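Data from input_7.cif: mmCIF, C-alpha atoms
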data_target
#
loop_
_atom_site.label_atom_id
_atom_site.label_comp_id
_atom_site.auth_asym_id
_atom_site.auth_seq_id
_atom_site.Cartn_x
_atom_site.Cartn_y
_atom_site.Cartn_z
CA MET A 26 36.24 -129.34 -80.10
CA LYS A 27 35.92 -129.32 -83.88
CA GLN A 28 33.07 -131.82 -83.66
CA ARG A 29 31.28 -129.57 -81.11
CA GLU A 30 31.78 -126.53 -83.36
CA ARG A 31 30.37 -128.39 -86.40
CA LYS A 32 27.37 -129.46 -84.33
CA ASN A 33 26.75 -125.88 -83.15
CA ARG A 34 26.97 -124.60 -86.72
CA LEU A 35 24.48 -127.22 -87.90
CA ILE A 36 22.06 -126.30 -85.11
CA ALA A 37 22.38 -122.61 -85.92
CA MET A 38 21.89 -123.12 -89.66
CA SER A 39 18.94 -125.47 -89.08
CA TRP A 40 17.28 -122.81 -86.94
CA ILE A 41 17.85 -120.12 -89.55
CA VAL A 42 16.55 -122.29 -92.40
CA LEU A 43 13.47 -123.17 -90.35
CA MET A 44 12.81 -119.51 -89.52
CA ILE A 45 13.14 -118.44 -93.15
CA PHE A 46 10.89 -121.26 -94.34
CA VAL A 47 8.17 -120.70 -91.73
CA MET A 48 8.13 -116.94 -92.10
CA GLY A 49 8.12 -116.91 -95.89
CA CYS A 50 11.45 -115.30 -96.60
CA SER A 51 11.69 -113.13 -99.68
CA SER A 52 14.87 -111.90 -101.30
CA GLN A 53 13.11 -108.80 -102.57
CA GLU A 54 13.26 -105.62 -100.54
CA HIS A 55 9.89 -104.48 -99.25
CA PRO A 56 8.96 -101.00 -100.48
CA LEU A 57 8.32 -98.55 -97.67
CA PRO A 58 4.82 -97.06 -97.48
CA SER A 59 4.42 -93.34 -97.90
CA SER A 60 2.46 -93.18 -94.67
CA SER A 61 1.50 -95.43 -91.79
CA PRO A 62 -1.82 -97.28 -91.81
CA SER A 63 -4.57 -95.53 -89.91
CA GLY A 64 -8.21 -95.94 -88.99
CA ASP A 65 -9.38 -99.54 -88.83
CA THR A 66 -6.38 -100.96 -90.67
CA LYS A 67 -4.94 -103.96 -88.81
CA VAL A 68 -1.18 -103.96 -88.47
CA THR A 69 1.02 -106.88 -87.46
CA LEU A 70 4.41 -105.96 -86.05
CA ARG A 71 7.13 -108.57 -86.19
CA MET A 72 9.45 -108.34 -83.23
CA ILE A 73 12.51 -110.46 -82.43
CA GLU A 74 14.52 -111.01 -79.26
CA SER A 75 18.30 -111.38 -79.04
CA LEU A 76 18.91 -111.99 -75.32
CA THR A 77 16.30 -114.72 -75.29
CA ASN A 78 15.54 -116.20 -71.90
CA PRO A 79 12.39 -118.24 -71.13
CA SER A 80 11.62 -116.21 -67.99
CA ARG A 81 12.00 -112.88 -69.74
CA THR A 82 9.95 -114.04 -72.73
CA VAL A 83 7.01 -114.77 -70.43
CA ILE A 84 7.24 -111.28 -68.89
CA LEU A 85 7.63 -109.69 -72.30
CA LYS A 86 4.59 -111.48 -73.68
CA SER A 87 2.56 -110.16 -70.75
CA LEU A 88 3.64 -106.60 -71.59
CA LEU A 89 2.81 -107.16 -75.25
CA THR A 90 -0.67 -108.30 -74.26
CA GLN A 91 -1.10 -105.03 -72.37
CA PHE A 92 0.05 -103.11 -75.43
CA GLU A 93 -2.35 -104.95 -77.74
CA SER A 94 -5.27 -104.31 -75.40
CA GLN A 95 -4.52 -100.59 -75.56
CA ASN A 96 -3.95 -100.71 -79.32
CA PRO A 97 -6.56 -103.10 -80.76
CA ASN A 98 -5.45 -102.38 -84.35
CA ILE A 99 -1.90 -103.56 -83.69
CA ARG A 100 -0.91 -107.18 -83.22
CA VAL A 101 2.63 -108.12 -82.18
CA GLU A 102 4.22 -111.34 -83.36
CA LEU A 103 7.15 -112.11 -81.05
CA ILE A 104 9.99 -114.24 -82.41
CA SER A 105 12.19 -115.82 -79.72
CA PRO A 106 15.14 -117.75 -81.20
CA PRO A 107 17.38 -119.74 -78.86
CA PHE A 108 19.91 -117.39 -77.28
CA SER A 109 22.92 -119.12 -78.85
CA GLN A 110 21.52 -118.61 -82.36
CA ALA A 111 19.63 -115.35 -81.87
CA ASP A 112 22.15 -112.85 -83.22
CA ILE A 113 22.98 -114.85 -86.32
CA THR A 114 19.25 -115.37 -86.93
CA ILE A 115 18.63 -111.63 -86.73
CA LYS A 116 21.56 -110.89 -89.05
CA THR A 117 20.33 -113.43 -91.58
CA MET A 118 16.82 -112.00 -91.55
CA LEU A 119 18.24 -108.51 -92.08
CA ASN A 120 20.49 -109.68 -94.92
CA VAL A 121 17.55 -111.11 -96.88
CA LYS A 122 15.16 -108.37 -95.72
CA GLN A 123 12.81 -110.79 -94.04
CA GLU A 124 9.77 -108.91 -92.70
CA LEU A 125 10.81 -107.37 -89.40
CA ASP A 126 9.77 -104.23 -87.55
CA VAL A 127 11.14 -104.21 -84.01
CA MET A 128 14.40 -105.93 -83.17
CA GLU A 129 16.54 -106.27 -80.08
CA VAL A 130 19.79 -104.41 -80.66
CA ARG A 131 22.76 -104.96 -78.33
CA ASP A 132 25.47 -102.61 -77.20
CA ILE A 133 28.03 -104.99 -78.72
CA ASN A 134 26.53 -104.92 -82.22
CA VAL A 135 24.82 -101.52 -82.54
CA ALA A 136 27.75 -99.95 -84.42
CA ASP A 137 27.88 -102.85 -86.85
CA LEU A 138 24.12 -102.80 -87.53
CA ALA A 139 24.09 -99.00 -87.87
CA SER A 140 27.06 -98.94 -90.25
CA GLN A 141 25.33 -101.45 -92.53
CA GLY A 142 22.09 -99.49 -92.55
CA TYR A 143 20.03 -102.21 -90.92
CA ILE A 144 18.54 -99.99 -88.21
CA ASP A 145 17.09 -96.48 -88.14
CA PRO A 146 18.19 -93.76 -85.70
CA LEU A 147 15.46 -92.94 -83.19
CA ASN A 148 16.38 -89.32 -82.40
CA THR A 149 13.37 -87.81 -84.20
CA TYR A 150 10.98 -90.11 -82.36
CA MET A 151 12.72 -89.55 -79.03
CA SER A 152 12.57 -85.77 -79.36
CA THR A 153 8.79 -85.84 -78.85
CA TRP A 154 8.72 -88.72 -76.35
CA ASP A 155 7.11 -87.53 -73.12
CA GLU A 156 9.31 -89.80 -70.95
CA LEU A 157 12.67 -88.78 -72.40
CA ASN A 158 13.50 -86.48 -69.47
CA THR A 159 13.73 -89.34 -66.97
CA LEU A 160 15.77 -91.63 -69.24
CA SER A 161 19.14 -92.09 -67.53
CA ASN A 162 22.35 -90.93 -69.16
CA ALA A 163 23.67 -94.49 -69.06
CA ALA A 164 20.60 -95.74 -70.93
CA LYS A 165 21.07 -93.06 -73.56
CA SER A 166 24.80 -93.50 -74.02
CA ILE A 167 24.89 -97.23 -74.76
CA SER A 168 22.77 -96.83 -77.90
CA VAL A 169 24.75 -93.97 -79.45
CA VAL A 170 26.73 -94.28 -82.66
CA GLY A 171 27.84 -91.06 -84.29
CA ARG A 172 25.64 -88.97 -81.97
CA LYS A 173 22.54 -90.91 -83.00
CA ASN A 174 20.51 -93.23 -80.76
CA TYR A 175 19.64 -96.52 -82.41
CA PHE A 176 17.71 -98.27 -79.65
CA ILE A 177 15.96 -97.67 -76.34
CA ALA A 178 17.44 -99.93 -73.67
CA ASN A 179 15.10 -102.46 -72.06
CA GLY A 180 17.34 -102.69 -69.00
CA LEU A 181 20.91 -102.08 -67.89
CA TYR A 182 23.54 -104.58 -66.86
CA GLN A 183 26.45 -104.17 -64.48
CA ARG A 184 28.60 -107.04 -63.30
CA GLN A 185 28.95 -108.06 -59.65
CA MET A 186 29.95 -111.13 -57.68
CA PHE A 187 27.52 -113.83 -56.56
CA TYR A 188 28.89 -116.35 -54.06
CA ARG A 189 27.80 -119.37 -52.03
CA LYS A 190 27.53 -117.83 -48.59
CA ASP A 191 27.08 -121.24 -46.98
CA TRP A 192 30.19 -122.69 -48.64
CA LEU A 193 32.41 -119.81 -47.61
CA GLU A 194 31.14 -119.78 -44.03
CA ALA A 195 31.65 -123.53 -43.71
CA ALA A 196 35.24 -123.12 -44.93
CA GLY A 197 35.88 -120.10 -42.70
CA LEU A 198 36.42 -117.85 -45.72
CA LYS A 199 35.38 -114.32 -46.58
CA PRO A 200 34.17 -113.17 -50.00
CA PRO A 201 37.28 -112.38 -52.08
CA SER A 202 37.91 -108.69 -52.63
CA SER A 203 40.80 -109.02 -55.10
CA TRP A 204 41.57 -111.28 -58.04
CA GLU A 205 44.41 -112.93 -56.15
CA GLU A 206 41.98 -113.69 -53.31
CA MET A 207 39.48 -114.92 -55.90
CA TYR A 208 42.02 -117.45 -57.14
CA GLU A 209 43.04 -118.62 -53.67
CA THR A 210 39.46 -118.81 -52.36
CA SER A 211 38.26 -120.67 -55.45
CA LYS A 212 41.07 -123.24 -55.06
CA LYS A 213 40.10 -123.84 -51.44
CA LEU A 214 36.47 -124.43 -52.41
CA THR A 215 37.40 -126.89 -55.16
CA ASP A 216 36.98 -130.64 -54.64
CA PRO A 217 36.68 -132.49 -57.98
CA ALA A 218 35.79 -135.75 -56.20
CA LYS A 219 32.59 -134.05 -55.03
CA ASN A 220 32.06 -132.28 -58.37
CA GLN A 221 32.53 -129.03 -56.49
CA TYR A 222 34.54 -126.16 -57.93
CA GLY A 223 35.26 -122.69 -56.66
CA PHE A 224 34.77 -120.63 -59.81
CA SER A 225 32.03 -120.61 -62.45
CA PHE A 226 34.23 -120.20 -65.51
CA ARG A 227 33.04 -119.24 -69.01
CA GLY A 228 35.10 -120.28 -72.00
CA ALA A 229 32.55 -120.14 -74.82
CA LYS A 230 30.35 -117.27 -75.97
CA GLY A 231 30.86 -114.30 -73.67
CA SER A 232 34.25 -115.46 -72.41
CA ILE A 233 35.54 -111.88 -72.67
CA SER A 234 33.41 -111.09 -69.63
CA ILE A 235 36.15 -112.77 -67.60
CA SER A 236 39.36 -112.29 -69.58
CA ASP A 237 38.85 -108.61 -70.46
CA THR A 238 37.61 -107.83 -66.94
CA LEU A 239 40.75 -109.39 -65.47
CA ILE A 240 43.09 -107.60 -67.88
CA ARG A 241 41.51 -104.20 -67.23
CA ALA A 242 41.67 -104.74 -63.47
CA TYR A 243 45.38 -105.54 -63.68
CA ASN A 244 46.06 -102.43 -65.78
CA GLY A 245 43.93 -100.30 -63.43
CA ASP A 246 43.92 -96.54 -63.96
CA ARG A 247 46.14 -96.85 -67.05
CA VAL A 248 43.05 -97.88 -69.01
CA ASN A 249 41.50 -95.18 -71.17
CA LEU A 250 38.07 -94.80 -69.56
CA GLU A 251 36.68 -93.34 -72.81
CA ASP A 252 37.76 -96.39 -74.82
CA GLY A 253 38.17 -99.50 -72.72
CA GLN A 254 40.25 -101.60 -75.13
CA PHE A 255 43.09 -99.08 -75.00
CA LEU A 256 45.44 -97.52 -72.48
CA ASN A 257 45.91 -93.80 -72.00
CA ASP A 258 49.08 -93.92 -74.13
CA GLY A 259 47.14 -95.26 -77.12
CA SER A 260 48.32 -98.87 -76.98
CA THR A 261 45.89 -101.71 -76.43
CA ILE A 262 45.26 -103.21 -73.00
CA TYR A 263 46.90 -106.46 -74.18
CA THR A 264 50.47 -105.12 -74.43
CA THR A 265 51.65 -104.76 -70.83
CA PRO A 266 53.43 -107.05 -68.36
CA GLU A 267 50.32 -106.67 -66.19
CA SER A 268 48.23 -108.20 -68.97
CA VAL A 269 50.50 -111.25 -69.02
CA LYS A 270 50.10 -111.64 -65.24
CA ALA A 271 46.33 -111.29 -65.59
CA MET A 272 46.23 -114.07 -68.18
CA GLU A 273 48.44 -116.29 -66.03
CA LEU A 274 45.86 -115.99 -63.26
CA TYR A 275 43.07 -116.54 -65.84
CA LEU A 276 44.70 -119.78 -66.97
CA ASN A 277 45.31 -121.00 -63.41
CA LEU A 278 41.79 -120.11 -62.37
CA TYR A 279 40.49 -122.38 -65.12
CA LYS A 280 42.92 -125.25 -64.56
CA GLU A 281 42.88 -125.33 -60.77
CA ALA A 282 39.48 -124.02 -59.66
CA SER A 283 36.96 -124.54 -62.48
CA PRO A 284 35.18 -127.53 -64.06
CA PRO A 285 37.18 -128.86 -67.04
CA ASP A 286 34.19 -128.66 -69.39
CA SER A 287 33.65 -124.98 -68.54
CA ILE A 288 35.91 -124.24 -71.50
CA TYR A 289 32.69 -124.78 -73.50
CA TRP A 290 30.34 -122.94 -71.12
CA GLY A 291 28.33 -119.91 -72.10
CA PHE A 292 25.91 -117.85 -70.04
CA GLN A 293 23.34 -120.55 -69.28
CA GLU A 294 25.84 -123.25 -68.32
CA GLN A 295 27.79 -120.82 -66.15
CA VAL A 296 24.69 -119.77 -64.20
CA GLU A 297 23.25 -123.28 -63.98
CA ALA A 298 26.50 -124.56 -62.46
CA PHE A 299 26.19 -121.98 -59.70
CA THR A 300 22.51 -122.62 -58.96
CA SER A 301 22.97 -126.41 -59.01
CA SER A 302 25.80 -126.36 -56.43
CA VAL A 303 28.61 -127.23 -58.83
CA THR A 304 30.41 -123.87 -58.50
CA GLY A 305 30.77 -121.43 -55.62
CA ILE A 306 31.52 -118.03 -57.18
CA LEU A 307 29.86 -116.43 -60.19
CA LEU A 308 30.51 -113.08 -61.88
CA GLN A 309 27.34 -111.96 -63.61
CA ASP A 310 24.86 -109.18 -64.31
CA PRO A 311 21.72 -108.61 -62.22
CA ASP A 312 19.48 -110.38 -64.74
CA VAL A 313 20.48 -113.66 -63.03
CA ILE A 314 19.04 -112.56 -59.68
CA GLN A 315 15.54 -113.83 -60.44
CA THR A 316 16.87 -117.21 -61.58
CA ILE A 317 19.04 -117.54 -58.47
CA GLN A 318 16.15 -116.58 -56.19
CA ASP A 319 13.91 -119.15 -57.88
CA LYS A 320 16.41 -122.01 -57.68
CA MET A 321 18.34 -121.44 -54.45
CA GLN A 322 17.37 -121.28 -50.80
CA PRO A 323 17.51 -117.88 -49.06
CA GLY A 324 20.68 -117.49 -47.03
CA THR A 325 22.75 -119.84 -49.18
CA TRP A 326 24.01 -117.08 -51.45
CA ALA A 327 24.90 -113.40 -51.38
CA THR A 328 26.49 -110.69 -53.54
CA ALA A 329 29.71 -108.69 -53.33
CA PRO A 330 31.53 -106.10 -55.46
CA LEU A 331 33.78 -107.10 -58.33
CA PRO A 332 37.30 -108.10 -57.28
CA ILE A 333 40.00 -105.46 -57.69
CA GLY A 334 43.39 -105.79 -59.35
CA PRO A 335 46.89 -105.15 -57.95
CA LYS A 336 46.54 -101.38 -58.48
CA GLY A 337 43.43 -101.29 -56.27
CA ASN A 338 40.91 -100.85 -59.09
CA ALA A 339 38.16 -102.76 -60.79
CA LEU A 340 36.88 -101.40 -64.06
CA VAL A 341 33.13 -101.55 -64.49
CA SER A 342 30.82 -100.69 -67.32
CA VAL A 343 27.10 -100.37 -67.86
CA GLY A 344 25.80 -102.38 -70.76
CA GLY A 345 22.47 -103.26 -72.19
CA ALA A 346 20.27 -104.11 -75.12
CA GLY A 347 17.00 -102.67 -76.28
CA TRP A 348 14.46 -102.15 -79.00
CA GLY A 349 15.27 -100.64 -82.38
CA ILE A 350 13.46 -100.31 -85.69
CA ALA A 351 14.49 -102.25 -88.81
CA SER A 352 15.34 -99.74 -91.53
CA TYR A 353 13.05 -101.41 -94.07
CA SER A 354 10.06 -101.81 -91.72
CA LYS A 355 6.73 -100.99 -93.36
CA HIS A 356 5.21 -99.93 -90.03
CA LYS A 357 7.72 -97.57 -88.42
CA GLU A 358 5.19 -95.36 -86.61
CA GLU A 359 3.55 -98.38 -85.03
CA ALA A 360 6.97 -99.85 -84.24
CA TRP A 361 7.94 -96.69 -82.35
CA LYS A 362 4.61 -96.75 -80.53
CA LEU A 363 5.45 -100.23 -79.27
CA ILE A 364 8.99 -99.24 -78.29
CA ALA A 365 7.75 -96.16 -76.42
CA PHE A 366 5.25 -98.32 -74.53
CA LEU A 367 7.79 -100.98 -73.52
CA SER A 368 10.30 -98.26 -72.62
CA GLY A 369 7.95 -96.29 -70.42
CA ALA A 370 8.87 -96.03 -66.75
CA LYS A 371 5.93 -98.16 -65.60
CA GLN A 372 6.53 -101.03 -68.02
CA ASN A 373 10.32 -100.94 -67.76
CA THR A 374 10.22 -100.96 -63.97
CA GLU A 375 7.88 -103.95 -64.07
CA LEU A 376 10.28 -105.82 -66.36
CA SER A 377 13.30 -104.80 -64.27
CA LYS A 378 11.79 -106.02 -61.01
CA LYS A 379 10.50 -109.31 -62.40
CA TYR A 380 13.56 -110.20 -64.46
CA GLY A 381 16.36 -108.54 -62.51
CA LEU A 382 17.61 -105.54 -64.47
CA ILE A 383 18.72 -102.05 -63.60
CA PRO A 384 15.83 -99.81 -64.74
CA ILE A 385 16.46 -97.21 -67.44
CA HIS A 386 14.52 -94.36 -65.82
CA THR A 387 16.03 -92.28 -63.02
CA SER A 388 12.65 -92.16 -61.33
CA ALA A 389 12.68 -95.93 -60.83
CA VAL A 390 16.13 -96.24 -59.27
CA SER A 391 14.87 -94.50 -56.11
CA ASP A 392 12.49 -97.41 -55.57
CA ALA A 393 13.41 -99.26 -52.33
CA PHE A 394 13.36 -102.50 -54.31
CA PHE A 395 16.64 -101.53 -55.98
CA GLN A 396 18.28 -100.27 -52.78
CA THR A 397 18.17 -103.51 -50.83
CA GLY A 398 19.19 -107.14 -51.15
CA PRO A 399 21.32 -108.24 -54.10
CA TYR A 400 20.94 -104.88 -55.85
CA LYS A 401 22.62 -102.98 -53.01
CA THR A 402 26.05 -104.18 -54.14
CA LEU A 403 25.65 -102.27 -57.40
CA LEU A 404 24.92 -99.07 -55.48
CA ASP A 405 27.86 -99.72 -53.16
CA MET A 406 30.21 -99.86 -56.16
CA THR A 407 28.72 -96.66 -57.55
CA LEU A 408 29.52 -94.89 -54.27
CA LYS A 409 33.25 -95.76 -54.66
CA PRO A 410 34.11 -94.23 -58.04
CA ASP A 411 37.85 -94.08 -57.28
CA THR A 412 37.96 -97.84 -56.78
CA PHE A 413 35.38 -98.96 -59.31
CA LEU A 414 36.30 -97.01 -62.40
CA LEU A 415 33.52 -96.60 -64.93
CA PHE A 416 34.79 -97.14 -68.47
CA LYS A 417 33.20 -97.01 -71.91
CA PRO A 418 33.24 -100.33 -73.81
CA PRO A 419 34.22 -100.16 -77.50
CA TYR A 420 30.67 -100.05 -78.84
CA GLN A 421 31.63 -97.42 -81.41
CA TYR A 422 33.75 -99.90 -83.38
CA PRO A 423 31.75 -101.87 -85.99
CA GLY A 424 34.19 -104.77 -85.52
CA ASN A 425 33.21 -105.03 -81.86
CA SER A 426 30.40 -107.36 -82.85
CA ASN A 427 33.00 -109.91 -83.95
CA TRP A 428 35.29 -109.52 -80.94
CA ASP A 429 33.50 -112.07 -78.79
CA LYS A 430 33.99 -114.79 -81.44
CA VAL A 431 37.65 -113.90 -82.02
CA ALA A 432 38.40 -113.86 -78.29
CA MET A 433 36.47 -117.07 -77.65
CA GLU A 434 38.25 -119.10 -80.33
CA SER A 435 41.75 -117.87 -79.46
CA GLY A 436 40.98 -118.10 -75.75
CA GLN A 437 39.89 -121.73 -76.08
CA ALA A 438 43.13 -122.46 -77.92
CA LEU A 439 45.00 -121.03 -74.92
CA LEU A 440 42.93 -122.97 -72.38
CA SER A 441 43.38 -126.25 -74.26
CA GLY A 442 47.17 -125.82 -74.49
CA ASN A 443 47.33 -125.05 -78.20
CA ALA A 444 48.56 -121.48 -77.79
CA THR A 445 50.66 -119.50 -75.36
CA ILE A 446 49.62 -116.45 -73.39
CA GLU A 447 51.96 -114.29 -75.48
CA GLU A 448 50.48 -115.60 -78.75
CA THR A 449 46.96 -115.02 -77.51
CA LEU A 450 47.60 -111.48 -76.33
CA SER A 451 49.38 -110.73 -79.61
CA LYS A 452 46.26 -111.76 -81.57
CA TRP A 453 44.04 -109.62 -79.39
CA ASP A 454 46.39 -106.67 -79.68
CA ALA A 455 46.44 -106.99 -83.49
CA PHE A 456 42.66 -107.18 -83.65
CA TRP A 457 42.16 -103.89 -81.80
CA LYS A 458 45.00 -102.11 -83.55
CA GLU A 459 43.25 -102.93 -86.81
CA GLN A 460 39.92 -101.69 -85.44
CA LYS A 461 41.50 -98.39 -84.49
CA ARG A 462 43.23 -98.07 -87.88
CA THR A 463 40.22 -98.88 -90.05
CA THR A 464 37.67 -96.97 -87.97
CA GLY A 465 39.83 -93.88 -87.65
CA ILE A 466 38.77 -93.18 -84.07
CA GLU A 467 41.07 -90.84 -82.19
CA LEU A 468 41.51 -91.87 -78.59
CA ASN A 469 41.38 -89.44 -75.69
CA LYS A 470 44.78 -89.38 -74.04
CA LYS A 471 45.60 -88.07 -70.59
#
Kindly transcribe the structure held in the file into structure tokens.
Amino acid sequence: MKQRERKNRLIAMSWIVLMIFVMGCSSQEHPLPSSSPSGDTKVTLRMIESLTNPSRTVILKSLLTQFESQNPNIRVELISPPFSQADITIKTMLNVKQELDVMEVRDINVADLASQGYIDPLNTYMSTWDELNTLSNAAKSISVVGRKNYFIANGLYQRQMFYRKDWLEAAGLKPPSSWEEMYETSKKLTDPAKNQYGFSFRGAKGSISISDTLIRAYNGDRVNLEDGQFLNDGSTIYTTPESVKAMELYLNLYKEASPPDSIYWGFQEQVEAFTSSVTGILLQDPDVIQTIQDKMQPGTWATAPLPIGPKGNALVSVGGAGWGIASYSKHKEEAWKLIAFLSGAKQNTELSKKYGLIPIHTSAVSDAFFQTGPYKTLLDMTLKPDTFLLFKPPYQYPGNSNWDKVAMESGQALLSGNATIEETLSKWDAFWKEQKRTTGIELNKK
């Protein structure tokens, strides 16, 4: 494990060094111009992705070509680091004030970037944006820190279940509706001799998408919906007997129904295992729909709602990432012009359909495209708000950007037998108690 971690660090640092060398990094802060270039002045905007995916990059480049054709004096240079190194690359560029105008900001790191002054609030720009009225409340809320919007979402994410319809039918099984059924069904689908496993586990980056989801489901309506890492009584979600039971199932799901090397899987490995017939059940956001459709035969897969916990609830959230402006950008007006273009209903709907996202404009959601097929499950969950409780993730905590790493490392220690469930939950509880103490956020209590 240590050898793998050293290798990953070397890859990440090599990428960062290469980026800085190629792009001519300077340690001096660029002075901001008193006004934006106008007339025939040619402007080059530097734009960087965080949720880099080859398919999305192709779509994005097509949209940028449209933008450049409409704005001949603006050229956009798109930087697409590998997904696993993207966030650290962005942070490094910001630290040394490498030239950057438009950057992809994520719900999980917006508070951190805003608190360090790396990104500008967009409220002034948005106030005169002619498409603001159709921007959904969910799209607005995920970018807010201290009542200021720091990015415009490029799409929304909400988790659902993807399953091998052919596998379940052959085994005489139904899609699991609860976590207990998920465990039992996944065990029945597992046959290591055939390299076939029931569940597409994720133990590396993004592992909290399974562990936190399970813990919240087991705590059910005790979770503070305004602050999803805490219960209504103010304690963290990691302090209850239900949390221990959730982590027991988490551990068994890995040991008995998942590939052993999935302890090191991130997003791409998790999805690839499902599309290549290694795993039978996948919990993911709708951005994987296009990949699944491209790689799997129609009729072999289907979608279902998230599994519920013992209290009859599943807790769901709407997440996303989008485009923000680097605080030291020399071309802020042009940067906003690009963001407004990409965020327009026409362009965003095009991206959403081609890549598999929930669109950010209310006008687009009524499109029949999003009311049928694999997207229908998302609407079905929305129509059952008493079962699928919508909660607010802890985006307002600057330390949230580090939570994934903390949870991944301690979670891998648990999965590899180097820590107990109680020790792991204690670490997670301490992390969020400290976040609450240092941030000074008062929780809403019922």
Each residue of range 153-253 of chain A with at least one atom at most 7 Å from range 419-438 of chain A should appear once, together with its nearest atom pair and the corresponding distance in Å (one decimal); atoms considered: all atoms listed in the file; ordering: chain, then increasing residue number; output as a tab-separated table.
residue	atom	partner	partner_atom	distance
A:Val170	CA	A:Gln421	CA	6.0
A:Gly228	CA	A:Gln437	CA	6.5
A:Ala229	CA	A:Met433	CA	5.7
A:Lys230	CA	A:Met433	CA	6.3
A:Gly231	CA	A:Asp429	CA	6.2
A:Ser232	CA	A:Met433	CA	5.9
A:Ile233	CA	A:Asp429	CA	6.5
A:Asp252	CA	A:Pro419	CA	5.8
A:Gly253	CA	A:Pro419	CA	6.2
Nearest to Val269 in chain A, chosen from A:Val127, A:Val121, A:Ala444, A:Leu239, with all atoms listed in the file counted in the distances: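 Selected residue with least distance to Val269 in chain A: A:Leu239.
Excluding Gln372 in chain A and any residue on its chain fewer than 4 positions from it, the residues at most 10 Å away by only C-alpha atoms are Leu85, Leu88, Gln91, Asn179, Ala365, Phe366, Leu367, Ser368, Leu376, Ser377 and Pro384 of chain A.
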Given the PyMOL selection byres ((chain A and resi 261) around 9), the residues it picks as a PyMOL selection string: chain A and resi 248+253-256+258-260+262-265+453-455+457-458
The selected residues should be written to file as a compact mmCIF listing (two decimals), in the coordinates of the input (atoms: C-alpha atoms).
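Contents of again_30.txt, freshly written:
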# COMPACT_ATOMS: atom_id res chain seq x y z
CA VAL A 248 43.05 -97.88 -69.01
CA GLY A 253 38.17 -99.50 -72.72
CA GLN A 254 40.25 -101.60 -75.13
CA PHE A 255 43.09 -99.08 -75.00
CA LEU A 256 45.44 -97.52 -72.48
CA ASP A 258 49.08 -93.92 -74.13
CA GLY A 259 47.14 -95.26 -77.12
CA SER A 260 48.32 -98.87 -76.98
CA ILE A 262 45.26 -103.21 -73.00
CA TYR A 263 46.90 -106.46 -74.18
CA THR A 264 50.47 -105.12 -74.43
CA THR A 265 51.65 -104.76 -70.83
CA TRP A 453 44.04 -109.62 -79.39
CA ASP A 454 46.39 -106.67 -79.68
CA ALA A 455 46.44 -106.99 -83.49
CA TRP A 457 42.16 -103.89 -81.80
CA LYS A 458 45.00 -102.11 -83.55
Spatial neighbours of Ser161 in chain A, max dist 8 Å, all atoms listed in the file, sep filter under 6 positions, as an MDAnalysis selection string: chainID A and resid 385:387
Only C-alpha atoms, please: the residues just picked out, written as a PDB file, in the frame of the given file.
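Saved the output as selection-v8.pdb:
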ATOM      1  CA  ILE A 385      16.460 -97.210 -67.440  1.00  0.00           C
ATOM      2  CA  HIS A 386      14.520 -94.360 -65.820  1.00  0.00           C
ATOM      3  CA  THR A 387      16.030 -92.280 -63.020  1.00  0.00           C
TER       4      THR A 387
END
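Interatomic distance, CA of Gln309 in chain A to CA of Tyr188 in chain A: 10.6 Å.
Taking CA of Pro410 in chain A and CA of Asn174 in chain A as the two end points, the separation is 26.5 Å.
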List every residue of range 325-368 of chain A that has an atom at most 10 Å from any atom of range 197-201 of chain A, and for each one report the closest atom pair and its distance in Å to one decimal, counting only C-alpha atoms, with rows sorted by chain and then by increasing residue number, as a Markdown table.
| residue | atom | partner | partner_atom | distance |
| --- | --- | --- | --- | --- |
| A:Ala327 | CA | A:Pro200 | CA | 9.4 |
| A:Thr328 | CA | A:Pro200 | CA | 8.8 |
| A:Ala329 | CA | A:Pro200 | CA | 7.1 |
| A:Pro330 | CA | A:Pro201 | CA | 9.2 |
| A:Leu331 | CA | A:Pro201 | CA | 8.9 |
| A:Pro332 | CA | A:Pro201 | CA | 6.7 |
| A:Ile333 | CA | A:Pro201 | CA | 9.3 |
